[in-house]
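Have a look at run.txt; it's compact mmCIF, C-alpha atoms:
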```txt
# COMPACT_ATOMS: atom_id res chain seq x y z
CA MET A 1 154.86 25.35 23.08
CA SER A 2 157.96 24.78 25.22
CA LEU A 3 160.38 21.96 24.51
CA GLN A 4 159.50 20.29 27.83
CA VAL A 5 155.77 20.30 27.11
CA ALA A 6 156.32 18.95 23.60
CA LEU A 7 158.61 16.27 24.99
CA GLN A 8 156.07 15.12 27.58
CA GLN A 9 153.39 14.93 24.91
CA ARG A 10 155.60 12.77 22.70
CA ILE A 11 156.51 10.46 25.59
CA SER A 12 152.86 10.01 26.53
CA ALA A 13 151.96 9.36 22.91
CA ALA A 14 154.74 6.80 22.57
CA GLN A 15 153.63 4.98 25.73
CA VAL A 16 150.03 4.77 24.58
CA LEU A 17 151.08 3.65 21.13
CA LEU A 18 153.32 0.92 22.55
CA GLN A 19 150.40 -0.39 24.63
CA ARG A 20 148.21 -0.47 21.53
CA ALA A 21 150.90 -2.25 19.53
CA GLU A 22 151.50 -4.86 22.23
CA HIS A 23 147.84 -5.91 22.07
CA LEU A 24 147.78 -5.83 18.27
CA CYS A 25 148.23 -8.94 16.10
CA ARG A 26 150.05 -10.97 18.75
CA GLY A 27 151.97 -13.84 17.22
CA VAL A 28 151.97 -12.24 13.78
CA GLU A 29 155.31 -11.96 12.01
CA GLY A 30 156.87 -8.55 12.68
CA HIS A 31 154.87 -7.84 15.84
CA GLN A 32 157.97 -7.87 18.02
CA LYS A 33 159.87 -5.79 15.44
CA LEU A 34 157.18 -3.09 15.60
CA CYS A 35 157.14 -3.10 19.40
CA GLY A 36 160.94 -2.97 19.42
CA LYS A 37 160.95 0.15 17.25
CA LEU A 38 158.46 1.82 19.57
CA ARG A 39 160.54 0.93 22.64
CA ALA A 40 163.62 2.36 20.94
CA GLU A 41 161.72 5.57 20.22
CA LEU A 42 160.61 5.76 23.85
CA ARG A 43 164.20 5.25 25.05
CA PHE A 44 165.35 8.09 22.80
CA LEU A 45 162.70 10.45 24.18
CA ARG A 46 163.54 9.54 27.76
CA ARG A 47 167.23 10.21 27.14
CA VAL A 48 166.25 13.66 25.90
CA GLU A 49 164.09 14.11 29.03
CA ALA A 50 167.03 13.11 31.26
CA GLY A 51 169.28 15.67 29.58
CA GLN A 52 171.51 13.02 28.00
CA LEU A 53 170.72 14.33 24.52
CA GLN A 54 170.24 17.89 23.33
CA VAL A 55 167.67 18.38 20.58
CA LYS A 56 165.56 21.18 19.15
CA GLU A 57 161.78 21.14 19.44
CA SER A 58 161.50 20.67 15.67
CA HIS A 59 163.46 17.41 15.98
CA LEU A 60 160.80 15.99 18.28
CA HIS A 61 158.24 16.31 15.50
CA SER A 62 160.47 14.58 12.96
CA THR A 63 161.00 11.36 14.91
CA ASN A 64 159.80 7.94 13.76
CA LEU A 65 156.75 8.18 15.99
CA THR A 66 154.53 9.62 13.26
CA HIS A 67 155.29 6.74 10.91
CA LEU A 68 154.91 4.14 13.66
CA THR A 69 151.55 5.67 14.61
CA ALA A 70 150.45 5.31 10.99
CA ILE A 71 151.48 1.64 10.98
CA VAL A 72 149.55 0.85 14.18
CA GLU A 73 146.43 2.66 12.98
CA SER A 74 146.62 0.86 9.62
CA ALA A 75 146.89 -2.51 11.35
CA GLU A 76 143.93 -1.67 13.57
CA SER A 77 141.81 -0.85 10.51
CA LEU A 78 142.37 -4.05 8.54
CA GLU A 79 141.51 -7.73 8.80
CA GLY A 80 143.49 -10.89 8.16
CA ILE A 81 146.89 -9.43 9.05
CA VAL A 82 149.70 -11.89 8.36
CA ALA A 83 152.79 -9.68 8.79
CA LEU A 84 154.04 -6.29 9.94
CA LEU A 85 157.16 -4.59 8.56
CA HIS A 86 157.71 -7.52 6.22
CA VAL A 87 160.70 -7.40 3.86
CA PHE A 88 160.01 -8.57 0.30
CA THR A 89 162.73 -9.20 -2.27
CA TYR A 90 162.23 -8.34 -5.94
CA GLN A 91 164.15 -7.50 -9.11
CA ASP A 92 164.16 -3.94 -10.38
CA ALA A 93 163.97 -2.93 -14.05
CA THR A 94 167.72 -3.46 -14.45
CA GLY A 95 167.55 -6.99 -13.01
CA HIS A 96 169.21 -6.07 -9.72
CA ARG A 97 167.89 -7.55 -6.48
CA GLN A 98 166.13 -5.04 -4.26
CA THR A 99 164.29 -5.18 -0.94
CA LEU A 100 161.06 -3.48 0.05
CA VAL A 101 159.47 -3.10 3.50
CA VAL A 102 155.68 -3.44 3.55
CA ASP A 103 154.32 -1.90 6.74
CA VAL A 104 151.19 -4.08 6.97
CA VAL A 105 150.41 -7.24 5.01
CA ALA A 106 146.67 -7.82 5.44
CA ASN A 107 143.68 -9.72 4.04
CA GLY A 108 145.59 -12.98 4.19
CA GLY A 109 148.44 -11.46 2.17
CA HIS A 110 146.30 -9.96 -0.59
CA THR A 111 146.74 -6.35 0.62
CA TRP A 112 150.02 -4.48 1.05
CA VAL A 113 149.87 -1.23 3.00
CA LYS A 114 152.43 1.54 3.10
CA ALA A 115 151.63 3.88 5.98
CA VAL A 116 152.69 7.47 5.26
CA GLY A 117 152.98 9.95 8.13
CA ARG A 118 154.51 12.98 6.39
CA LYS A 119 152.36 16.04 5.74
CA ALA A 120 150.62 16.45 2.40
CA GLU A 121 152.45 19.68 1.52
CA ALA A 122 155.88 18.14 2.12
CA LEU A 123 154.99 15.08 0.03
CA HIS A 124 153.70 17.27 -2.78
CA ASN A 125 156.84 19.46 -2.76
CA ILE A 126 159.10 16.40 -2.99
CA TRP A 127 157.03 15.11 -5.91
CA GLN A 128 157.40 18.49 -7.64
CA GLY A 129 161.18 18.42 -7.16
CA ARG A 130 161.22 20.94 -4.32
CA GLY A 131 162.30 18.54 -1.58
CA GLN A 132 165.71 18.04 -0.03
CA TYR A 133 168.45 16.15 -1.86
CA GLY A 134 167.94 12.39 -1.58
CA ASP A 135 164.21 12.58 -0.82
CA LYS A 136 162.36 9.87 -2.73
CA SER A 137 158.92 10.86 -3.90
CA ILE A 138 155.83 8.85 -3.03
CA ILE A 139 155.29 8.22 -6.74
CA ARG A 140 158.72 6.59 -7.04
CA GLN A 141 157.99 4.50 -3.96
CA ALA A 142 154.66 3.46 -5.46
CA GLU A 143 156.47 2.28 -8.60
CA ASP A 144 158.68 0.08 -6.41
CA PHE A 145 155.66 -1.35 -4.56
CA LEU A 146 153.82 -2.17 -7.77
CA GLN A 147 156.87 -3.80 -9.32
CA ALA A 148 157.47 -5.89 -6.20
CA SER A 149 153.81 -6.91 -5.91
CA ARG A 150 153.78 -8.12 -9.52
CA GLN A 151 156.62 -10.49 -8.59
CA GLN A 152 154.87 -11.80 -5.44
CA PRO A 153 151.58 -13.34 -6.64
CA LEU A 154 149.35 -15.01 -4.06
CA GLN A 155 146.89 -17.56 -5.37
CA TYR A 156 148.10 -16.24 -8.75
CA ARG A 157 146.81 -12.74 -8.05
CA HIS A 158 148.99 -9.72 -7.38
CA PRO A 159 148.49 -8.11 -3.95
CA THR A 160 146.57 -4.84 -3.85
CA VAL A 161 148.87 -1.93 -2.96
CA VAL A 162 147.38 0.63 -0.55
CA PHE A 163 149.06 3.89 0.43
CA ALA A 164 147.55 5.16 3.68
CA PHE A 165 148.14 8.88 4.27
CA TYR A 166 147.70 9.95 7.91
CA ASN A 167 148.51 13.61 7.32
CA GLY A 168 146.75 13.99 4.00
CA VAL A 169 147.74 13.81 0.34
CA SER A 170 147.31 16.40 -2.39
CA CYS A 171 144.58 15.79 -4.92
CA PRO A 172 146.96 15.62 -7.94
CA MET A 173 149.16 13.08 -6.13
CA ALA A 174 146.15 10.96 -5.14
CA GLN A 175 144.90 10.95 -8.72
CA HIS A 176 148.35 10.05 -10.05
CA LEU A 177 148.64 7.15 -7.61
CA LYS A 178 145.22 5.82 -8.49
CA GLY A 179 146.06 6.09 -12.17
CA MET A 180 149.06 3.85 -11.49
CA GLY A 181 146.87 1.25 -9.79
CA VAL A 182 147.52 2.17 -6.15
CA SER A 183 144.58 2.41 -3.75
CA VAL A 184 144.66 5.60 -1.67
CA ARG A 185 143.44 5.90 1.91
CA GLY A 186 143.30 9.20 3.81
CA ASP A 187 142.28 12.83 3.48
CA ILE A 188 142.75 14.39 0.06
CA VAL A 189 143.62 18.02 0.61
CA ALA A 190 144.35 21.21 -1.31
CA VAL A 191 147.91 22.09 -0.33
CA ASN A 192 149.68 25.44 -0.40
CA ALA A 193 152.21 24.13 -2.90
CA VAL A 194 149.50 23.64 -5.54
CA THR A 195 149.59 26.30 -8.28
CA GLU A 196 146.58 28.18 -9.62
CA ASP A 197 146.42 25.91 -12.65
CA GLU A 198 146.44 22.85 -10.39
CA ASP A 199 143.75 24.40 -8.18
CA VAL A 200 141.45 24.66 -11.19
CA ASP A 201 141.82 20.91 -11.69
CA LEU A 202 141.02 20.01 -8.08
CA ALA A 203 137.30 19.69 -8.65
CA VAL A 204 137.77 17.55 -11.76
CA ASP A 205 140.39 15.37 -10.08
CA ASN A 206 138.28 14.88 -7.04
CA GLU A 207 135.32 13.63 -9.04
CA GLY A 208 137.44 10.57 -9.82
CA ALA A 209 138.48 10.35 -6.15
CA GLU A 210 134.86 10.48 -5.04
CA ALA A 211 133.88 7.89 -7.61
CA GLU A 212 136.59 5.54 -6.35
CA GLU A 213 135.53 6.20 -2.78
CA GLU A 214 132.02 5.08 -3.66
CA ASP A 215 133.36 1.95 -5.36
CA GLU A 216 135.63 1.02 -2.47
CA ALA A 217 133.18 1.73 0.32
CA GLU A 218 130.12 0.69 -1.76
CA ALA A 219 128.40 3.94 -0.88
CA GLU A 220 124.82 4.33 -2.03
CA GLU A 221 124.25 8.00 -1.15
CA ASP A 222 124.80 9.51 -4.62
CA GLU A 223 123.10 12.81 -3.81
CA GLU A 224 125.48 13.54 -0.91
CA ALA A 225 128.47 12.75 -3.14
CA GLU A 226 127.24 15.17 -5.79
CA GLU A 227 126.70 17.89 -3.18
CA GLU A 228 130.23 17.43 -1.89
CA GLU A 229 131.65 17.62 -5.43
CA SER A 230 129.82 20.88 -6.05
CA GLU A 231 131.53 22.38 -3.00
CA LEU A 232 135.02 21.55 -4.27
CA THR A 233 135.29 24.63 -6.45
CA ARG A 234 135.21 26.76 -3.31
CA VAL A 235 137.84 25.00 -1.14
CA GLU A 236 140.65 26.91 0.52
CA CYS A 237 144.27 25.79 0.58
CA GLY A 238 144.76 23.13 3.28
CA ALA A 239 141.10 22.13 3.26
CA VAL A 240 140.03 18.49 3.06
CA VAL A 241 138.28 17.86 -0.24
CA ALA A 242 137.73 14.10 0.13
CA SER A 243 138.41 11.32 2.59
CA LEU A 244 138.95 7.76 1.39
CA ALA A 245 138.57 4.76 3.67
CA PHE A 246 140.51 1.52 3.38
CA PRO A 247 139.26 -0.70 0.56
CA ALA A 248 136.65 -3.18 1.72
CA GLN A 249 137.73 -6.68 2.73
CA VAL A 250 139.42 -8.18 -0.32
CA GLN A 251 137.40 -11.09 -1.65
CA VAL A 252 139.62 -13.39 -3.69
CA GLU A 253 138.16 -16.24 -5.69
CA GLU A 254 139.65 -19.49 -4.45
CA CYS A 255 141.92 -21.32 -6.86
CA ARG A 256 140.10 -24.43 -8.10
CA ARG A 257 143.21 -26.37 -9.11
CA VAL A 258 145.25 -28.43 -6.66
CA ASN A 259 148.64 -30.03 -7.26
CA LEU A 260 149.61 -32.89 -4.92
CA ASP A 261 153.19 -33.27 -3.72
CA ILE A 262 154.65 -36.68 -2.82
CA THR A 263 154.34 -35.83 0.87
CA THR A 264 150.61 -35.23 0.43
CA LEU A 265 150.11 -38.45 -1.55
CA ILE A 266 151.80 -40.40 1.24
CA THR A 267 149.93 -38.58 4.00
CA TYR A 268 146.59 -39.21 2.30
CA VAL A 269 147.00 -43.01 2.20
CA SER A 270 149.01 -43.51 5.42
CA SER A 271 147.57 -45.86 8.04
CA LEU A 272 148.22 -43.13 10.59
CA SER A 273 145.69 -40.93 8.76
CA HIS A 274 143.12 -43.73 8.77
CA GLY A 275 142.77 -44.45 12.46
CA ARG A 276 145.88 -46.60 13.00
CA CYS A 277 147.64 -44.01 15.16
CA HIS A 278 147.39 -45.67 18.58
CA PHE A 279 150.89 -47.12 18.52
CA SER A 280 154.31 -46.37 19.90
CA PHE A 281 156.76 -47.19 17.10
CA ARG A 282 160.43 -48.04 17.37
CA GLU A 283 161.13 -45.05 15.14
CA VAL A 284 160.87 -41.81 17.13
CA VAL A 285 159.60 -39.79 14.16
CA LEU A 286 156.71 -42.23 13.59
CA THR A 287 155.76 -42.14 17.27
CA GLU A 288 155.71 -38.33 17.10
CA GLN A 289 153.52 -38.39 14.00
CA ALA A 290 151.14 -40.84 15.66
CA ALA A 291 150.84 -38.52 18.66
CA GLN A 292 150.20 -35.55 16.34
CA GLU A 293 147.45 -37.50 14.58
CA ARG A 294 145.78 -38.35 17.86
CA ARG A 295 145.74 -34.66 18.73
CA LEU A 296 144.60 -33.45 15.31
CA GLN A 297 143.49 -35.62 12.41
CA VAL A 298 145.05 -34.55 9.14
CA LEU A 299 142.76 -36.32 6.65
CA PRO A 300 139.69 -34.13 7.27
CA GLN A 301 141.85 -31.06 6.54
CA LEU A 302 143.05 -32.54 3.26
CA ASP A 303 139.58 -33.63 2.17
CA ALA A 304 138.11 -30.23 3.01
CA PHE A 305 140.73 -28.41 0.93
CA MET A 306 140.45 -30.82 -2.02
CA GLU A 307 136.64 -30.89 -2.13
CA GLY A 308 135.16 -29.70 -5.41
CA LYS A 309 138.54 -28.98 -7.03
CA GLU A 310 140.53 -30.42 -9.91
CA LEU A 311 143.32 -32.62 -8.62
CA PHE A 312 146.64 -32.83 -10.42
CA ALA A 313 149.98 -34.56 -9.90
CA CYS A 314 153.04 -34.46 -12.12
CA ARG A 315 154.69 -37.64 -13.35
CA ALA A 316 157.77 -37.13 -11.15
CA ALA A 317 155.58 -37.08 -8.03
CA VAL A 318 153.51 -40.12 -9.06
CA HIS A 319 156.56 -42.14 -10.10
CA ASP A 320 158.42 -41.56 -6.84
CA PHE A 321 155.24 -42.10 -4.81
CA GLN A 322 154.71 -45.50 -6.43
CA ASP A 323 158.35 -46.46 -5.79
CA ILE A 324 158.04 -45.52 -2.09
CA LEU A 325 154.69 -47.32 -1.86
CA GLU A 326 156.11 -50.49 -3.41
CA THR A 327 158.96 -50.52 -0.89
CA LEU A 328 157.25 -49.40 2.34
CA GLY A 329 153.50 -49.54 1.82
CA GLY A 330 151.20 -52.08 3.40
CA PRO A 331 148.18 -53.71 1.68
CA GLY A 332 145.70 -51.11 2.94
CA GLU A 333 147.95 -48.20 2.00
CA LYS A 334 148.46 -49.61 -1.51
CA GLU A 335 144.73 -50.06 -2.00
CA ARG A 336 144.01 -46.50 -0.92
CA ALA A 337 146.77 -45.26 -3.22
CA GLN A 338 145.17 -46.90 -6.26
CA LYS A 339 141.83 -45.23 -5.48
CA LEU A 340 143.51 -41.85 -4.99
CA LEU A 341 145.43 -42.06 -8.27
CA THR A 342 142.20 -42.61 -10.21
CA ARG A 343 141.02 -39.19 -8.98
CA LEU A 344 144.08 -37.35 -10.28
CA HIS A 345 144.96 -35.78 -13.61
CA VAL A 346 148.55 -36.93 -14.11
CA VAL A 347 150.47 -34.37 -16.19
CA ASP A 348 153.95 -34.18 -17.64
CA ASP A 349 156.65 -32.43 -15.63
CA ARG A 350 156.70 -28.82 -16.78
CA PRO A 351 158.30 -26.46 -14.26
CA SER A 352 157.47 -22.77 -14.63
CA GLU A 353 160.02 -20.29 -15.90
CA ARG A 354 160.64 -18.72 -12.50
CA THR A 355 161.15 -22.18 -10.97
CA GLN A 356 163.95 -22.86 -13.42
CA ARG A 357 165.82 -19.83 -12.08
CA LEU A 358 166.15 -21.35 -8.59
CA THR A 359 169.57 -22.51 -7.47
CA LEU A 360 169.89 -26.12 -6.31
CA SER A 361 170.78 -26.65 -2.66
CA ALA A 362 170.28 -29.14 0.16
CA LYS A 363 166.66 -27.98 0.50
CA VAL A 364 166.01 -27.26 -3.18
CA ASN A 365 166.39 -30.50 -5.14
CA ARG A 366 165.39 -31.38 -8.69
CA ARG A 367 162.39 -33.46 -7.67
CA SER A 368 160.90 -30.58 -5.69
CA LEU A 369 161.57 -28.23 -8.60
CA MET A 370 159.61 -30.55 -10.91
CA ILE A 371 156.67 -30.89 -8.52
CA PHE A 372 156.30 -27.31 -7.30
CA GLY A 373 157.30 -25.91 -10.68
CA THR A 374 154.64 -27.93 -12.50
CA GLY A 375 152.04 -26.76 -9.97
CA ASP A 376 153.16 -23.20 -10.63
CA TRP A 377 152.87 -23.74 -14.40
CA LEU A 378 149.36 -25.16 -13.88
CA ARG A 379 148.49 -22.12 -11.71
CA ALA A 380 147.45 -24.59 -9.04
CA VAL A 381 147.89 -24.56 -5.25
CA THR A 382 150.41 -27.22 -4.29
CA MET A 383 149.50 -29.32 -1.25
CA THR A 384 152.62 -30.31 0.65
CA ALA A 385 154.24 -31.11 3.95
CA ASN A 386 157.61 -29.98 2.58
CA SER A 387 157.74 -26.57 4.26
CA ARG A 388 161.55 -26.58 4.07
CA PHE A 389 161.47 -26.28 0.29
CA VAL A 390 158.77 -23.59 0.42
CA ARG A 391 160.91 -21.46 2.76
CA ALA A 392 164.09 -22.07 0.79
CA ALA A 393 162.44 -21.05 -2.47
CA ALA A 394 160.99 -17.95 -0.81
CA ASN A 395 164.48 -17.02 0.36
CA GLN A 396 165.49 -17.04 -3.31
CA GLY A 397 162.57 -14.76 -4.17
CA VAL A 398 160.07 -17.37 -5.45
CA ARG A 399 156.93 -17.69 -3.35
CA TYR A 400 154.66 -20.55 -4.28
CA SER A 401 150.93 -20.82 -3.66
CA VAL A 402 150.79 -23.72 -1.20
CA PHE A 403 148.62 -25.52 1.33
CA ILE A 404 150.96 -26.84 4.03
CA HIS A 405 149.90 -29.70 6.30
CA GLN A 406 151.55 -32.02 8.82
CA PRO A 407 153.32 -35.07 7.35
CA ARG A 408 152.34 -38.70 7.88
CA ALA A 409 154.58 -41.62 6.88
CA LEU A 410 153.64 -45.08 5.61
CA THR A 411 153.42 -47.14 8.79
CA GLU A 412 151.23 -50.17 8.07
CA GLY A 413 154.24 -52.41 7.47
CA LYS A 414 155.74 -51.44 10.83
CA GLU A 415 152.74 -51.96 13.05
CA TRP A 416 153.70 -55.58 13.78
CA ARG A 417 156.67 -54.46 15.84
CA ALA A 418 155.05 -51.40 17.38
CA THR A 419 153.55 -51.24 20.87
CA PRO A 420 149.78 -50.58 20.97
CA ILE A 421 148.68 -47.68 23.15
```
Output the file's structure in the form of structure tokens.
Amino acid sequence: MSLQVALQQRISAAQVLLQRAEHLCRGVEGHQKLCGKLRAELRFLRRVEAGQLQVKESHLHSTNLTHLTAIVESAESLEGIVALLHVFTYQDATGHRQTLVVDVVANGGHTWVKAVGRKAEALHNIWQGRGQYGDKSIIRQAEDFLQASRQQPLQYRHPTVVFAFYNGVSCPMAQHLKGMGVSVRGDIVAVNAVTEDEDVDLAVDNEGAEAEEEDEAEAEEDEEAEEEESELTRVECGAVVASLAFPAQVQVEECRRVNLDITTLITYVSSLSHGRCHFSFREVVLTEQAAQERRLQVLPQLDAFMEGKELFACRAAVHDFQDILETLGGPGEKERAQKLLTRLHVVDDRPSERTQRLTLSAKVNRRSLMIFGTGDWLRAVTMTANSRFVRAAANQGVRYSVFIHQPRALTEGKEWRATPI
């Protein structure tokens, strides 16, 4: 194939891929980053086409396009995507801060996908120490993913790590990854780099791969699986010996414990949340909250999330809530507060160990550390309108399980000077 033909094929592929990406997961974090990488790749190819850059044909096949294609195809295959090319921060075994890029965060955050575009033989050679200097094996990368995922629990469960291979993976590598706890997606192949001894083990290894495939895809055709396994002893190098689909939609049991922040306690009893939102207040922020409530009522959202769950609040939250209520609350708000407090299990302040490692700042104060930290110790989801603290803590590497809602202030005592709408 001539360089010009190869170039035109790559440009066409990049254009099609960009169109697919532009219609994929719009509004999701990282969408524009992915599209930007594809546009940069297209600009590079067009500069080569215009003669502004001189490259060999082999260089065209080693561009980022293969990896970007794998990312797009992964995103198209999964549900509940919340981020693309998301950067997570974690601590390595030596305690040093490291960063990790997850190509696709799916299933509401419960699935992390690394899309791998390199060929199976190259990946296997690197794993066996026959790669170029500086090449990091897939196994080493998997170790990093697993370590990072263990430090990023969601609803107190570690995300499932999936490695999606779009140009195949050797059977020994697939088995090694699955033994580590990584789910494998893609064609499992016999590669030329595999020795005779490893070839003998292909059939045995693949029995485990086939068994996992049945578990993940919930296959019921046992006879076909057995027939395919019996054929494995006769595969040629480069042949596909198994093909694993993405794991089924991750079903995560909902956390049944809820921890209420001060902002949620206030929102729950506020007059704004109980129909008294048709006012224009002297305070701009209260007028804005009243308008938000008229557009979307917050109380039904809170009740729906709290239904059937154990409700907790730490003493710091209850104490400050009662102080605020005594100062600003009206008669109706105080009455509702008393009823709400009877529904709660009030517990001592007991921030989790990882909470105590956070550094205080303008957005991370001691009261928030007590409230969110106690919820973390309880393994409860914290209901809050304090998204600033949640983001600030995440920037320090601590991601809390939270239910974020719009805030509502105590307004009953200010209605007398407000203008009815």
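Rounded to one decimal, CA of Gly330 (chain A) and CA of Gln292 (chain A) lie 21.0 Å from each other.
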If you count only C-alpha atoms, the residue of A:Asn365, A:Thr411, A:Asn386, A:Ser137 closest to Val269 (chain A) turns out to be A:Thr411
- Item | Residue nearest Leu7 (chain A) among A:Phe321, A:Phe88, A:Trp112, A:Phe44 (counting only C-alpha atoms) |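 For Leu7 (chain A), the nearest of the given residues is A:Phe44.
Distances to Ile71 (chain A) were evaluated for A:Trp127, A:Leu3, A:Glu283, A:Ala164 using all atoms listed in the file, and the minimum falls at A:Ala164.
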>> Taking (141.8, -27.9, -7.9) in the coordinates of the supplied file, I want to know which residues reach to within 8 Å of it, counting only C-alpha atoms; could you give the answer as a list in words?
In response: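 The answer, in the requested form, is Cys255, Arg256, Arg257, Val258, Asn259, Met306, Gly308, Lys309, Glu310, Leu311, Phe312, Ala380 and Val381 of chain A.
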Students should find that CA of His23 (chain A) and CA of His67 (chain A) are spaced 18.4 Å
In Å and to one decimal, CA of Lys114 (chain A) is distant from CA of Phe163 (chain A) by 4.9 Å
Shortest contact to Glu29 (chain A), candidates A:Leu84, A:Phe279, A:Arg354, A:Ala290, atoms counted all atoms listed in the file, goes to A:Leu84
Which residues come within 10 Å of Lys37 (chain A), counting only C-alpha atoms, excluding same-chain residues fewer than 6 positions away, as a list of chain:residue names?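 Counting only C-alpha atoms, the residues come to A:Leu18, A:Arg43, A:Asn64, A:Leu65, A:Leu68.
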With a distance cut-off of 9 Å and only C-alpha atoms, select the neighbouring residues of Leu302 (chain A), excluding the residue or stretch itself and same-chain residues fewer than 2 positions from it, and output the selection as JSON, numbers by chain. {"A": [264, 268, 298, 299, 300, 304, 305, 306, 307, 383, 405]}
May I ask you to restore N, CA, C and O atoms in region 100-112 of chain A and write the result as a CSV table (one decimal), in the coordinates of the input?
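rebuild-v5.csv written:
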```csv
chain,number,residue,atom,x,y,z
A,100,LEU,N,162.1,-4.4,-0.2
A,100,LEU,CA,161.1,-3.5,0.0
A,100,LEU,C,160.4,-3.9,1.4
A,100,LEU,O,160.0,-5.0,1.6
A,101,VAL,N,160.2,-2.9,2.2
A,101,VAL,CA,159.5,-3.1,3.5
A,101,VAL,C,158.0,-2.7,3.3
A,101,VAL,O,157.7,-1.6,3.0
A,102,VAL,N,157.1,-3.7,3.6
A,102,VAL,CA,155.7,-3.4,3.6
A,102,VAL,C,155.2,-3.3,5.0
A,102,VAL,O,155.4,-4.2,5.8
A,103,ASP,N,154.7,-2.2,5.3
A,103,ASP,CA,154.3,-1.9,6.7
A,103,ASP,C,153.3,-2.9,7.3
A,103,ASP,O,153.4,-3.4,8.4
A,104,VAL,N,152.2,-3.1,6.5
A,104,VAL,CA,151.2,-4.1,7.0
A,104,VAL,C,150.8,-5.0,5.8
A,104,VAL,O,150.5,-4.5,4.7
A,105,VAL,N,150.9,-6.3,6.0
A,105,VAL,CA,150.4,-7.2,5.0
A,105,VAL,C,149.1,-7.8,5.6
A,105,VAL,O,149.1,-8.5,6.6
A,106,ALA,N,148.0,-7.5,4.9
A,106,ALA,CA,146.7,-7.8,5.4
A,106,ALA,C,145.8,-8.6,4.5
A,106,ALA,O,146.3,-9.0,3.4
A,107,ASN,N,144.6,-8.9,4.9
A,107,ASN,CA,143.7,-9.7,4.0
A,107,ASN,C,144.3,-11.0,3.6
A,107,ASN,O,144.2,-11.4,2.4
A,108,GLY,N,145.0,-11.7,4.5
A,108,GLY,CA,145.6,-13.0,4.2
A,108,GLY,C,146.8,-12.9,3.2
A,108,GLY,O,147.2,-13.9,2.7
A,109,GLY,N,147.3,-11.7,3.1
A,109,GLY,CA,148.4,-11.5,2.2
A,109,GLY,C,148.1,-10.8,0.9
A,109,GLY,O,148.9,-10.4,0.1
A,110,HIS,N,146.8,-10.5,0.7
A,110,HIS,CA,146.3,-10.0,-0.6
A,110,HIS,C,146.3,-8.4,-0.6
A,110,HIS,O,146.1,-7.8,-1.6
A,111,THR,N,146.7,-7.8,0.6
A,111,THR,CA,146.7,-6.4,0.6
A,111,THR,C,148.1,-5.9,1.2
A,111,THR,O,148.4,-6.4,2.3
A,112,TRP,N,148.8,-5.1,0.5
A,112,TRP,CA,150.0,-4.5,1.0
A,112,TRP,C,149.8,-3.0,1.4
A,112,TRP,O,149.3,-2.3,0.5
```
